[in-house]
>>> print(open('data.txt').read())   # compact mmCIF, C-alpha atoms
# COMPACT_ATOMS: atom_id res chain seq x y z
CA MET A 1 174.39 15.34 32.79
CA LYS A 2 176.51 14.64 29.70
CA GLU A 3 173.59 12.73 28.22
CA ILE A 4 171.17 15.66 28.74
CA GLN A 5 173.66 18.15 27.30
CA ALA A 6 174.25 15.98 24.23
CA ILE A 7 170.51 15.75 23.51
CA LYS A 8 170.10 19.52 23.98
CA LYS A 9 172.97 20.21 21.58
CA PHE A 10 171.51 17.74 19.10
CA LYS A 11 168.17 19.56 19.31
CA ARG A 12 169.89 22.89 18.52
CA PHE A 13 171.73 21.20 15.64
CA LEU A 14 168.39 20.06 14.16
CA GLN A 15 166.94 23.55 14.53
CA THR A 16 169.84 25.65 13.28
CA GLU A 17 172.01 23.53 10.98
CA LYS A 18 169.43 21.07 9.62
CA GLY A 19 166.69 23.70 9.51
CA LEU A 20 163.98 21.23 10.54
CA SER A 21 160.48 22.42 11.41
CA PRO A 22 159.43 22.59 15.10
CA ASN A 23 157.22 19.53 14.53
CA SER A 24 160.12 17.47 13.15
CA VAL A 25 162.44 18.57 15.97
CA TYR A 26 159.77 17.58 18.50
CA SER A 27 159.38 14.13 16.87
CA TYR A 28 163.14 13.49 16.92
CA THR A 29 163.58 14.55 20.55
CA TYR A 30 160.42 12.69 21.64
CA ASP A 31 161.76 9.43 20.18
CA LEU A 32 165.14 10.02 21.77
CA LYS A 33 163.54 10.60 25.16
CA LYS A 34 161.64 7.30 24.85
CA PHE A 35 164.92 5.52 24.12
CA SER A 36 166.71 7.33 26.95
CA ASP A 37 163.96 6.41 29.44
CA PHE A 38 164.12 2.78 28.33
CA LEU A 39 167.88 2.72 28.89
CA ALA A 40 167.56 4.39 32.31
CA LYS A 41 165.30 1.58 33.52
CA ASN A 42 168.18 -0.77 32.72
CA SER A 43 170.76 1.49 34.42
CA LYS A 44 172.30 2.59 31.12
CA ASP A 45 172.62 5.89 29.31
CA ILE A 46 172.33 6.94 25.70
CA LEU A 47 176.00 7.83 25.25
CA SER A 48 177.16 4.30 26.04
CA ALA A 49 174.28 2.33 24.47
CA THR A 50 175.18 -0.61 22.27
CA HIS A 51 173.82 -2.25 19.16
CA GLU A 52 172.02 -4.79 21.40
CA ASP A 53 170.44 -2.04 23.53
CA ILE A 54 168.88 -0.45 20.46
CA GLN A 55 167.55 -3.79 19.24
CA GLN A 56 166.07 -4.49 22.68
CA PHE A 57 164.38 -1.07 22.64
CA LEU A 58 162.86 -1.67 19.20
CA LYS A 59 161.68 -5.11 20.30
CA PHE A 60 160.11 -3.59 23.44
CA GLU A 61 158.34 -0.89 21.38
CA LYS A 62 156.96 -3.52 19.02
CA THR A 63 155.89 -6.26 21.44
CA LYS A 64 155.00 -4.33 24.60
CA LYS A 65 153.87 -0.99 23.17
CA HIS A 66 152.42 -2.53 19.98
CA ASN A 67 153.88 0.23 17.81
CA SER A 68 153.65 -0.06 14.03
CA SER A 69 156.66 -0.63 11.78
CA ARG A 70 156.24 2.99 10.61
CA THR A 71 156.63 4.25 14.20
CA LEU A 72 159.62 1.94 14.78
CA ALA A 73 161.27 3.19 11.57
CA ARG A 74 160.79 6.79 12.72
CA SER A 75 162.28 6.03 16.16
CA LEU A 76 165.28 4.29 14.60
CA ALA A 77 165.81 7.23 12.23
CA ALA A 78 165.92 9.63 15.19
CA ILE A 79 168.36 7.41 17.11
CA ARG A 80 170.56 6.95 14.03
CA GLN A 81 170.65 10.68 13.36
CA PHE A 82 171.58 11.34 16.99
CA TYR A 83 174.53 8.93 16.91
CA ASN A 84 175.70 10.36 13.59
CA TYR A 85 175.73 13.78 15.25
CA VAL A 86 177.55 12.46 18.34
CA SER A 87 180.12 10.68 16.17
CA ASP A 88 180.79 13.79 14.03
CA THR A 89 180.87 16.15 17.01
CA TYR A 90 182.80 14.12 19.57
CA GLY A 91 184.72 11.75 17.31
CA THR A 92 183.31 8.69 19.06
CA ALA A 93 183.32 5.10 17.82
CA GLU A 94 181.15 3.53 15.17
CA ASN A 95 177.45 4.38 15.16
CA PRO A 96 175.70 1.53 17.07
CA THR A 97 172.76 1.66 14.62
CA SER A 98 174.98 1.01 11.57
CA LYS A 99 174.14 -2.70 11.36
CA ILE A 100 170.44 -2.39 12.20
CA GLY A 101 168.13 -2.50 9.20
CA THR A 102 165.16 -0.16 8.98
CA PRO A 103 161.86 -1.95 9.74
CA GLN A 104 159.83 -2.65 6.59
CA VAL A 105 157.04 -0.09 6.45
CA GLU A 106 153.71 -1.24 5.06
CA LYS A 107 152.53 1.11 2.34
CA THR A 108 149.07 2.23 3.36
CA LEU A 109 146.96 4.78 1.56
CA PRO A 110 145.64 7.59 3.78
CA ASP A 111 141.92 8.15 4.24
CA PHE A 112 140.26 11.05 2.46
CA LEU A 113 136.74 12.43 2.42
CA SER A 114 134.47 12.42 -0.61
CA VAL A 115 133.00 15.73 -1.77
CA ARG A 116 129.66 14.66 -0.28
CA GLU A 117 131.29 13.92 3.09
CA ILE A 118 133.07 17.31 3.03
CA GLU A 119 129.73 19.02 2.39
CA ALA A 120 128.02 17.05 5.17
CA LEU A 121 130.78 17.86 7.67
CA PHE A 122 131.09 21.56 6.86
CA GLY A 123 127.31 21.95 6.56
CA LEU A 124 126.69 21.15 10.22
CA ILE A 125 129.11 23.79 11.54
CA SER A 126 127.31 27.02 12.43
CA GLU A 127 128.43 30.42 11.14
CA ASN A 128 126.40 32.19 13.85
CA ASP A 129 128.64 31.10 16.71
CA SER A 130 132.03 32.83 17.03
CA PHE A 131 133.97 29.66 17.81
CA GLU A 132 132.19 27.46 15.27
CA LEU A 133 132.76 30.10 12.58
CA ARG A 134 136.48 30.08 13.49
CA ASP A 135 136.57 26.29 13.29
CA LYS A 136 134.71 26.16 9.97
CA THR A 137 137.11 28.76 8.53
CA ILE A 138 140.25 26.85 9.49
CA PHE A 139 138.79 23.55 8.22
CA GLU A 140 137.85 25.23 4.92
CA LEU A 141 141.42 26.57 4.56
CA LEU A 142 142.89 23.11 5.20
CA TYR A 143 140.67 21.71 2.46
CA SER A 144 140.62 24.66 0.05
CA CYS A 145 144.38 25.24 0.15
CA GLY A 146 145.73 21.81 1.10
CA LEU A 147 147.51 23.19 4.16
CA ARG A 148 149.27 21.23 6.87
CA ILE A 149 147.70 21.97 10.25
CA SER A 150 150.91 23.66 11.47
CA GLU A 151 150.83 25.95 8.40
CA ALA A 152 147.24 26.96 9.12
CA VAL A 153 147.62 27.75 12.81
CA GLU A 154 150.82 29.72 12.17
CA LEU A 155 149.20 32.05 9.63
CA THR A 156 149.51 35.73 10.54
CA MET A 157 147.44 38.67 9.34
CA SER A 158 150.25 39.81 7.02
CA ASP A 159 150.11 36.42 5.25
CA LEU A 160 146.63 37.18 3.88
CA ASP A 161 146.26 38.82 0.45
CA PHE A 162 142.55 39.31 -0.21
CA GLU A 163 143.17 41.52 -3.23
CA ASN A 164 144.72 38.61 -5.16
CA SER A 165 143.07 35.75 -3.21
CA PHE A 166 146.40 34.30 -2.05
CA ILE A 167 147.97 33.39 1.26
CA ARG A 168 151.66 33.11 2.10
CA VAL A 169 152.40 29.79 3.79
CA LYS A 170 155.47 28.93 5.86
CA GLY A 171 156.09 25.25 5.13
CA LYS A 172 158.59 22.63 6.27
CA GLY A 173 162.14 23.81 6.85
CA GLY A 174 161.00 27.44 6.75
CA LYS A 175 160.28 27.21 3.03
CA GLU A 176 157.58 29.67 1.93
CA ARG A 177 155.02 29.22 -0.83
CA ILE A 178 152.13 31.24 -2.20
CA VAL A 179 148.81 29.36 -2.33
CA PRO A 180 145.58 30.49 -4.04
CA VAL A 181 142.46 30.61 -1.86
CA GLY A 182 139.08 29.46 -3.15
CA ALA A 183 136.00 31.71 -3.14
CA GLU A 184 134.32 29.89 -0.23
CA ALA A 185 137.47 30.10 1.90
CA VAL A 186 137.79 33.82 1.12
CA ARG A 187 134.16 34.38 2.10
CA LEU A 188 134.60 32.55 5.41
CA LEU A 189 137.90 34.27 6.17
CA LYS A 190 136.37 37.71 5.68
CA LYS A 191 133.35 36.82 7.80
CA TYR A 192 135.52 35.31 10.54
CA LEU A 193 137.86 38.32 10.64
CA LYS A 194 134.93 40.73 10.80
CA GLU A 195 132.57 38.95 13.17
CA SER A 196 134.31 36.16 15.07
CA ARG A 197 137.97 37.02 15.62
CA PRO A 198 137.32 40.43 17.30
CA ASP A 199 134.77 38.74 19.59
CA ILE A 200 137.23 35.99 20.64
CA LEU A 201 140.26 38.30 20.87
CA GLY A 202 138.67 41.23 22.70
CA GLU A 203 141.23 43.90 23.56
CA ARG A 204 144.18 41.49 23.45
CA PRO A 205 146.70 42.03 20.64
CA SER A 206 147.71 39.16 18.32
CA ASP A 207 149.12 38.79 14.80
CA TYR A 208 147.84 35.23 14.44
CA VAL A 209 144.78 34.69 12.28
CA PHE A 210 143.30 31.88 14.38
CA ILE A 211 142.90 32.64 18.05
CA SER A 212 142.16 30.46 21.08
CA LYS A 213 139.83 31.40 23.95
CA LYS A 214 142.88 32.70 25.82
CA GLY A 215 143.84 35.01 22.94
CA SER A 216 146.90 32.97 21.97
CA MET A 217 147.61 31.06 18.75
CA LEU A 218 145.22 28.15 18.28
CA ASN A 219 147.35 25.02 18.66
CA ARG A 220 147.38 21.86 16.53
CA LYS A 221 146.01 19.56 19.23
CA SER A 222 143.01 21.82 19.75
CA VAL A 223 142.17 21.75 16.03
CA TRP A 224 142.49 17.95 15.99
CA ARG A 225 140.15 17.67 19.01
CA LEU A 226 137.62 20.12 17.55
CA LEU A 227 137.53 18.32 14.21
CA LYS A 228 136.94 14.98 15.96
CA GLY A 229 133.99 16.54 17.79
CA TYR A 230 132.34 17.69 14.56
CA VAL A 231 132.99 14.37 12.81
CA ASP A 232 131.26 12.58 15.69
CA ARG A 233 128.11 14.54 14.81
CA THR A 234 128.09 13.04 11.30
CA GLU A 235 127.73 9.49 9.97
CA ILE A 236 131.35 9.47 8.79
CA THR A 237 133.15 6.39 10.16
CA LYS A 238 136.63 7.06 8.74
CA ASN A 239 139.56 7.98 10.99
CA ILE A 240 139.60 11.73 10.35
CA THR A 241 142.38 14.16 11.35
CA PRO A 242 143.17 17.68 10.09
CA HIS A 243 145.63 16.07 7.65
CA THR A 244 142.71 14.15 6.10
CA LEU A 245 141.44 17.48 4.73
CA ARG A 246 144.81 18.02 3.03
CA HIS A 247 144.61 14.49 1.58
CA SER A 248 141.09 15.24 0.36
CA PHE A 249 142.23 18.47 -1.31
CA ALA A 250 144.96 16.72 -3.29
CA THR A 251 142.85 13.68 -4.18
CA HIS A 252 139.97 15.78 -5.47
CA LEU A 253 142.35 17.85 -7.62
CA ILE A 254 143.83 14.69 -9.18
CA GLU A 255 140.36 13.19 -9.69
CA ASN A 256 139.33 16.31 -11.60
CA GLY A 257 142.35 16.24 -13.91
CA ALA A 258 144.98 18.41 -12.19
CA ASP A 259 148.56 17.53 -13.16
CA LEU A 260 150.99 16.18 -10.58
CA ARG A 261 153.47 19.05 -10.84
CA SER A 262 150.79 21.63 -10.01
CA VAL A 263 149.53 19.59 -7.07
CA GLN A 264 153.13 19.14 -5.87
CA GLU A 265 153.65 22.90 -5.87
CA LEU A 266 150.36 23.58 -4.09
CA LEU A 267 151.17 21.04 -1.38
CA GLY A 268 154.75 22.22 -0.96
CA HIS A 269 156.24 18.76 -1.54
CA MET A 270 159.97 18.70 -2.20
CA ASP A 271 159.79 15.41 -4.11
CA ILE A 272 157.07 14.59 -6.65
CA SER A 273 157.14 10.94 -5.53
CA THR A 274 155.44 12.11 -2.32
CA THR A 275 152.64 13.61 -4.42
CA GLN A 276 152.16 10.46 -6.47
CA ILE A 277 150.31 8.75 -3.63
CA TYR A 278 147.27 10.82 -4.60
CA THR A 279 147.11 9.23 -8.03
CA HIS A 280 146.82 5.89 -6.19
CA LEU A 281 144.03 7.29 -4.01
CA ALA A 282 142.14 8.60 -7.04
CA ARG A 283 142.63 5.28 -8.87
CA LYS A 284 141.37 3.36 -5.85
CA GLU A 285 138.22 5.51 -5.76
CA LEU A 286 137.59 4.94 -9.48
CA GLN A 287 137.90 1.19 -8.92
CA LYS A 288 135.24 1.39 -6.19
CA ILE A 289 132.90 3.30 -8.50
CA HIS A 290 133.47 0.80 -11.32
CA LYS A 291 132.83 -2.15 -9.02
CA ARG A 292 129.66 -0.57 -7.63
CA TYR A 293 128.03 0.60 -10.85
CA HIS A 294 129.31 -1.52 -13.73
CA PRO A 295 127.15 -4.58 -14.49
CA LYS A 296 130.28 -6.74 -14.54
CA GLY A 297 132.15 -4.83 -11.86
>>> encode(input="data.txt", output="structure tokens")
Amino acid sequence: MKEIQAIKKFKRFLQTEKGLSPNSVYSYTYDLKKFSDFLAKNSKDILSATHEDIQQFLKFEKTKKHNSSRTLARSLAAIRQFYNYVSDTYGTAENPTSKIGTPQVEKTLPDFLSVREIEALFGLISENDSFELRDKTIFELLYSCGLRISEAVELTMSDLDFENSFIRVKGKGGKERIVPVGAEAVRLLKKYLKESRPDILGERPSDYVFISKKGSMLNRKSVWRLLKGYVDRTEITKNITPHTLRHSFATHLIENGADLRSVQELLGHMDISTTQIYTHLARKELQKIHKRYHPKG
């Protein structure tokens, strides 16, 4: 019981004092639950786990679950943060993660779609079907505005400003930003709100822009699944997720000469070093073009 209470209190601490987004809180508590379940199988609990227990868990996740070093680093970060909280709150002994080094994370560049691939994908989605029009609209917003999927599904009607072609976005940690909306996204939004949303919603009230069949907020997993379905109808072989559209937005801006600071602000990145990955993506694409078309490439 003490273990469950400690995790619940830690979750509240992340929400209220750290101000983390619901997605981040979920990730932390999910990793903690995995660790707790691993310990339970060995008749141990999280409040009395040792340095060796944590190392055994990480080894199990790597060898038996085949998790990447990135996933292991995230799990260790959650466990470390939990023991820091327990130590500060209950005045317990040294953090058992203190002598465990973070797994080396391979730096991989995310996939993005070319302009031609974006056009091919969006071109096959019908605007005559209520649900496909909804899907096309949310995909266009992800690409046109560089939104995170959570930011898109949490949009409410009061966040839309058609007069100035802006939307108000609630980003990580509750931080808000104003993002301009392109002409195509505005056109689709207006059409969706006029033709599709009332048809899906019926008489049910909702403030959310994007609505599920049940009249509730469209969730992130549903958008991921829907996007996969449309991609399967194309010849695109890349591993595409809703976040790929955000990557594509930023990469295309950089490719066309946008400065890093502007892209940082549009994406809502706290640190410009996070935005710099898109210069690498753009550079990589230029290298491909050079290799393909230059006589000595």
>>> residues_around(input="data.txt", residues="Ile7 (chain A)", least_positions_apart="3", cutoff="9 Å", atoms="only C-alpha atoms", output="number ranges by chain")
A: 2-4, 10-12, 29, 32-33, 82
>>> write_last_selection(input="data.txt", atoms="C-alpha atoms", output="CSV table (one decimal), in the coordinates of the input")
chain,number,residue,atom,x,y,z
A,2,LYS,CA,176.5,14.6,29.7
A,3,GLU,CA,173.6,12.7,28.2
A,4,ILE,CA,171.2,15.7,28.7
A,10,PHE,CA,171.5,17.7,19.1
A,11,LYS,CA,168.2,19.6,19.3
A,12,ARG,CA,169.9,22.9,18.5
A,29,THR,CA,163.6,14.6,20.6
A,32,LEU,CA,165.1,10.0,21.8
A,33,LYS,CA,163.5,10.6,25.2
A,82,PHE,CA,171.6,11.3,17.0
>>> axis_aligned_box(input="data.txt", around="region 72-82 of chain A", padding_each_side="5 Å", output="JSON")
{"center_x": 165.6, "center_y": 6.6, "center_z": 14.3, "size_x": 22.0, "size_y": 19.4, "size_z": 15.5}
>>> closest_residue(input="data.txt", among="A:Asp45, A:Glu184, A:Asp31, A:Glu132", to="Ser144 (chain A)", atoms="all atoms listed in the file")
A:Glu184
>>> residues_around(input="data.txt", residues="region 227-229 of chain A", least_positions_apart="6", cutoff="8 Å", atoms="all atoms listed in the file", output="VMD selection string")
chain A and resid 240 to 242
>>> closest_atom_pairs(input="data.txt", of="region 180-260 of chain A", to="region 113-120 of chain A", cutoff="10 Å", atoms="only C-alpha atoms", output="tab-separated table")
residue	atom	partner	partner_atom	distance
A:Val231	CA	A:Ala120	CA	9.5
A:Arg233	CA	A:Ala120	CA	10.0
A:Thr234	CA	A:Ala120	CA	7.3
A:Glu235	CA	A:Glu117	CA	8.9
A:Ile236	CA	A:Glu117	CA	7.2
A:Lys238	CA	A:Leu113	CA	8.3
A:Ile240	CA	A:Leu113	CA	8.5
A:Thr244	CA	A:Leu113	CA	7.2
A:Leu245	CA	A:Leu113	CA	7.3
A:Arg246	CA	A:Leu113	CA	9.8
A:His247	CA	A:Leu113	CA	8.2
A:Ser248	CA	A:Leu113	CA	5.6
A:Phe249	CA	A:Leu113	CA	9.0
A:Thr251	CA	A:Leu113	CA	9.1
A:His252	CA	A:Val115	CA	7.9
>>> closest_residue(input="data.txt", among="A:Lys62, A:Asp232, A:Phe57, A:Asn239", to="Asp37 (chain A)", atoms="all atoms listed in the file")
A:Phe57
>>> atom_distance(input="data.txt", atom1="CA of His51 (chain A)", atom2="CA of Thr97 (chain A)")
6.1 Å
>>> atom_distance(input="data.txt", atom1="CA of Leu253 (chain A)", atom2="CA of Ala185 (chain A)")
16.3 Å
>>> residues_around(input="data.txt", residues="region 193-201 of chain A", least_positions_apart="6", cutoff="7 Å", atoms="only C-alpha atoms", output="VMD selection string")
chain A and resid 130 133 to 134 211 213 215
>>> atom_distance(input="data.txt", atom1="CA of Leu142 (chain A)", atom2="CA of Val179 (chain A)")
11.4 Å
>>> closest_residue(input="data.txt", among="A:Arg261, A:Asn23, A:Lys175, A:Val209", to="Lys190 (chain A)", atoms="all atoms listed in the file")
A:Val209
>>> closest_residue(input="data.txt", among="A:Tyr28, A:Ile125, A:Glu94, A:Lys18", to="Tyr230 (chain A)", atoms="only C-alpha atoms")
A:Ile125
>>> closest_residue(input="data.txt", among="A:Glu52, A:Glu151, A:Glu203, A:Glu127", to="Pro96 (chain A)", atoms="all atoms listed in the file")
A:Glu52
>>> closest_residue(input="data.txt", among="A:Ser68, A:Asp129, A:Glu154, A:Thr237", to="Lys191 (chain A)", atoms="all atoms listed in the file")
A:Asp129
>>> residues_around(input="data.txt", residues="region 165-169 of chain A", least_positions_apart="4", cutoff="6 Å", atoms="all atoms listed in the file", output="PyMOL selection string")
chain A and resi 159-161+176-181
>>> residues_around(input="data.txt", residues="Gly171 (chain A)", least_positions_apart="5", cutoff="12 Å", atoms="all atoms listed in the file", output="list in words")
Gly19, Leu20, Ser21, Pro22, Asn23, Ser24, Gly146, Leu147, Arg148, Ile149, Ser150, Glu151, Ala152, Val153, Glu154, Leu155, Glu176, Arg177, Ile178, Val179, Glu265, Leu266, Leu267, Gly268, His269 and Met270 of chain A
